[in-house]
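First up is the structure itself, then whatever we jot down about it.
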Amino acid sequence: MTKILVVDDETAIATLLQYNLQQNGYEVTVASDGLSAYQKAKEQQFNAILLDLMLPEMDGMTVLKQLRQDKVSTPIILVTAKGDEFDRVLGLELGADDYITKPFSPREVVARLKAVLRRSQVSTDTNKTDEMVISIQDLLINDSKKTVMKENIVLSLTRREYDLLLYFAQRLGRVIDRETILTAVWGYEYTGESRMVDMHISNLRDKIESNPKAPKILKTVRGFGYTMTN
């Protein structure tokens, strides 16, 4: 059974999430503070984590950062009441797979969770014997090893940044709009979140471009979207 860790110090929200996830066939463990959540995530195997940001003992951002530093790759969806873009950007940079802003509907949570789980399963199931390497300008993408090198230096990309880079690399020269990117890379139809695409592309440019302010690899086509050129 798919195991989900729900982390929220508000009992009503934790209970709501637990009930709806169980109704959809998930096995749910609940943690009410960041420290216990961190310990559970380290000691047990979960398929995904729903992580609130505002937590006692250890805040959600610290939990996320520490888990990623400890090489825990479990997909993490941030759940927050904050509307501050800085928090969302920072969470994505630290390795969060998605985020949901309170108030939310249980259906939205389940949809986001299913999308994250699908992507995680595809990544796990991909077991290639032959290396698939894509060369784009000074980048070398090894999809078998899930690594990206720039001028012989291995870049540190989050899973979402890697997925985004690979998506464009496999569609060189095509101009792709934000909604198409959102659906393809995030795995669900969710209009109104195209800003999330912009944030990830900005973060990705900081890592793959020699001059992120004048990108030569991942370019903006004003009024239409983005394109990758070789």
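Ordering of the structure tokens sets the chain letters (A, B, ...), residue numbers begin anew at 1 in every chain, and ligands are numbered from 1 in the order given.
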
Can you tell me which residues surround segment 143-152 of chain A at a distance of at most 7 Å, considering only C-alpha atoms, apart from same-chain residues fewer than 2 positions away, and format the answer as a PDB file with N, CA and C atoms, in the first residue's frame?
ATOM      1  N   LYS A 128      17.462   1.609 -17.628  1.00  0.00           N
ATOM      2  CA  LYS A 128      18.033   1.457 -18.956  1.00  0.00           C
ATOM      3  C   LYS A 128      19.424   0.833 -18.869  1.00  0.00           C
ATOM      4  N   GLU A 131      23.283   3.810 -21.920  1.00  0.00           N
ATOM      5  CA  GLU A 131      23.251   5.189 -21.490  1.00  0.00           C
ATOM      6  C   GLU A 131      22.603   6.065 -22.569  1.00  0.00           C
ATOM      7  N   MET A 132      21.737   6.965 -22.145  1.00  0.00           N
ATOM      8  CA  MET A 132      21.146   7.930 -23.060  1.00  0.00           C
ATOM      9  C   MET A 132      21.735   9.287 -22.719  1.00  0.00           C
ATOM     10  N   VAL A 133      22.551   9.819 -23.602  1.00  0.00           N
ATOM     11  CA  VAL A 133      23.248  11.081 -23.355  1.00  0.00           C
ATOM     12  C   VAL A 133      22.808  12.107 -24.381  1.00  0.00           C
ATOM     13  N   ASP A 138      27.146  23.517 -24.070  1.00  0.00           N
ATOM     14  CA  ASP A 138      28.176  22.997 -23.165  1.00  0.00           C
ATOM     15  C   ASP A 138      27.594  22.104 -22.063  1.00  0.00           C
ATOM     16  N   LEU A 139      26.349  21.641 -22.285  1.00  0.00           N
ATOM     17  CA  LEU A 139      25.709  20.751 -21.315  1.00  0.00           C
ATOM     18  C   LEU A 139      25.757  19.311 -21.806  1.00  0.00           C
ATOM     19  N   LEU A 140      25.917  18.388 -20.870  1.00  0.00           N
ATOM     20  CA  LEU A 140      25.875  16.966 -21.168  1.00  0.00           C
ATOM     21  C   LEU A 140      24.880  16.334 -20.207  1.00  0.00           C
ATOM     22  N   ILE A 141      23.743  15.863 -20.741  1.00  0.00           N
ATOM     23  CA  ILE A 141      22.684  15.277 -19.918  1.00  0.00           C
ATOM     24  C   ILE A 141      22.736  13.765 -20.055  1.00  0.00           C
ATOM     25  N   VAL A 154      29.692  18.592 -12.575  1.00  0.00           N
ATOM     26  CA  VAL A 154      28.354  18.065 -12.364  1.00  0.00           C
ATOM     27  C   VAL A 154      27.502  19.119 -11.661  1.00  0.00           C
ATOM     28  N   LEU A 155      26.357  19.439 -12.254  1.00  0.00           N
ATOM     29  CA  LEU A 155      25.458  20.435 -11.684  1.00  0.00           C
ATOM     30  C   LEU A 155      24.532  19.797 -10.650  1.00  0.00           C
TER      31      LEU A 155
END

Fewer than 6 positions away in the same chain doesn't count, so skip those; otherwise give me all residues within 10 Å of Asn230 of chain A, counting only C-alpha atoms, as a PDB file with C-alpha atoms, in the first residue's frame.
ATOM      1  CA  SER A 135      24.539  17.132 -25.665  1.00  0.00           C
ATOM      2  CA  ILE A 136      23.303  20.728 -25.821  1.00  0.00           C
ATOM      3  CA  GLN A 137      25.909  23.455 -26.210  1.00  0.00           C
ATOM      4  CA  ASP A 138      28.176  22.997 -23.165  1.00  0.00           C
ATOM      5  CA  LEU A 139      25.709  20.751 -21.315  1.00  0.00           C
ATOM      6  CA  ALA A 169      16.168  18.869 -24.355  1.00  0.00           C
ATOM      7  CA  LEU A 172      14.822  21.264 -29.149  1.00  0.00           C
ATOM      8  CA  GLY A 173      13.681  24.253 -31.159  1.00  0.00           C
ATOM      9  CA  LYS A 216      21.587  31.226 -24.743  1.00  0.00           C
ATOM     10  CA  ILE A 217      20.239  27.749 -23.988  1.00  0.00           C
ATOM     11  CA  LEU A 218      16.757  28.182 -22.538  1.00  0.00           C
TER      12      LEU A 218
END

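Between Arg118 of chain A and the residues A:Ile49, A:Val185, A:Val79, A:Leu165, the shortest atom-to-atom distance, using only C-alpha atoms, involves A:Val185.
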
From a DSSP pass on the backbone, collect the residues of chain A flagged as alpha helix (DSSP H) and hand them back as a ChimeraX atom specification. /A:11-23,34-43,60-69,85-93,106-125,159-169,178-181,194-208

Minimum-distance residue to Val116 of chain A, chosen among A:Lys102, A:Arg160, A:Arg222, A:Lys207 (using only C-alpha atoms): A:Arg160

Residue with smallest distance to Gly91 of chain A - pool A:Asn211, A:Asn203, A:Gln23, A:Thr11, counting only C-alpha atoms: A:Asn203

Can you work out which one of A:Arg178, A:Met61, A:Val110, A:Arg171 has the shortest atom-to-atom distance to Leu92 of chain A, counting only C-alpha atoms? A:Met61

What parts of segment 59-230 of chain A does DSSP call strand (DSSP E or B)? I'd like the answer as a PyMOL selection string. chain A and resi 76-80+98-101+133-136+139-142+147-150+153-154+176+218-221+225-228

Pick out the residues sitting within 8 Å of Met58 of chain A, and hand them over as a compact mmCIF listing (two decimals) with all heavy atoms, in the first residue's frame; count only C-alpha atoms, and ignore anything fewer than 5 positions along from it in its own chain.
# COMPACT_ATOMS: atom_id res chain seq x y z
N ASP A 33 4.70 17.76 14.49
CA ASP A 33 5.79 18.72 14.62
C ASP A 33 6.93 18.33 13.69
O ASP A 33 7.01 17.19 13.23
CB ASP A 33 6.28 18.81 16.07
CG ASP A 33 6.93 17.52 16.54
OD1 ASP A 33 8.12 17.32 16.24
OD2 ASP A 33 6.26 16.72 17.23
N GLY A 34 7.80 19.28 13.40
CA GLY A 34 8.85 19.06 12.43
C GLY A 34 9.88 18.03 12.83
O GLY A 34 10.35 17.25 12.00
N LEU A 35 10.23 18.00 14.10
CA LEU A 35 11.26 17.07 14.55
C LEU A 35 10.81 15.62 14.41
O LEU A 35 11.56 14.78 13.90
CB LEU A 35 11.64 17.36 16.01
CG LEU A 35 12.76 16.51 16.60
CD1 LEU A 35 14.03 16.64 15.77
CD2 LEU A 35 13.04 16.91 18.05
N VAL A 63 13.04 21.04 7.82
CA VAL A 63 12.84 19.60 7.62
C VAL A 63 13.18 19.23 6.18
O VAL A 63 13.93 18.27 5.92
CB VAL A 63 11.38 19.19 7.93
CG1 VAL A 63 11.15 17.72 7.56
CG2 VAL A 63 11.06 19.42 9.40
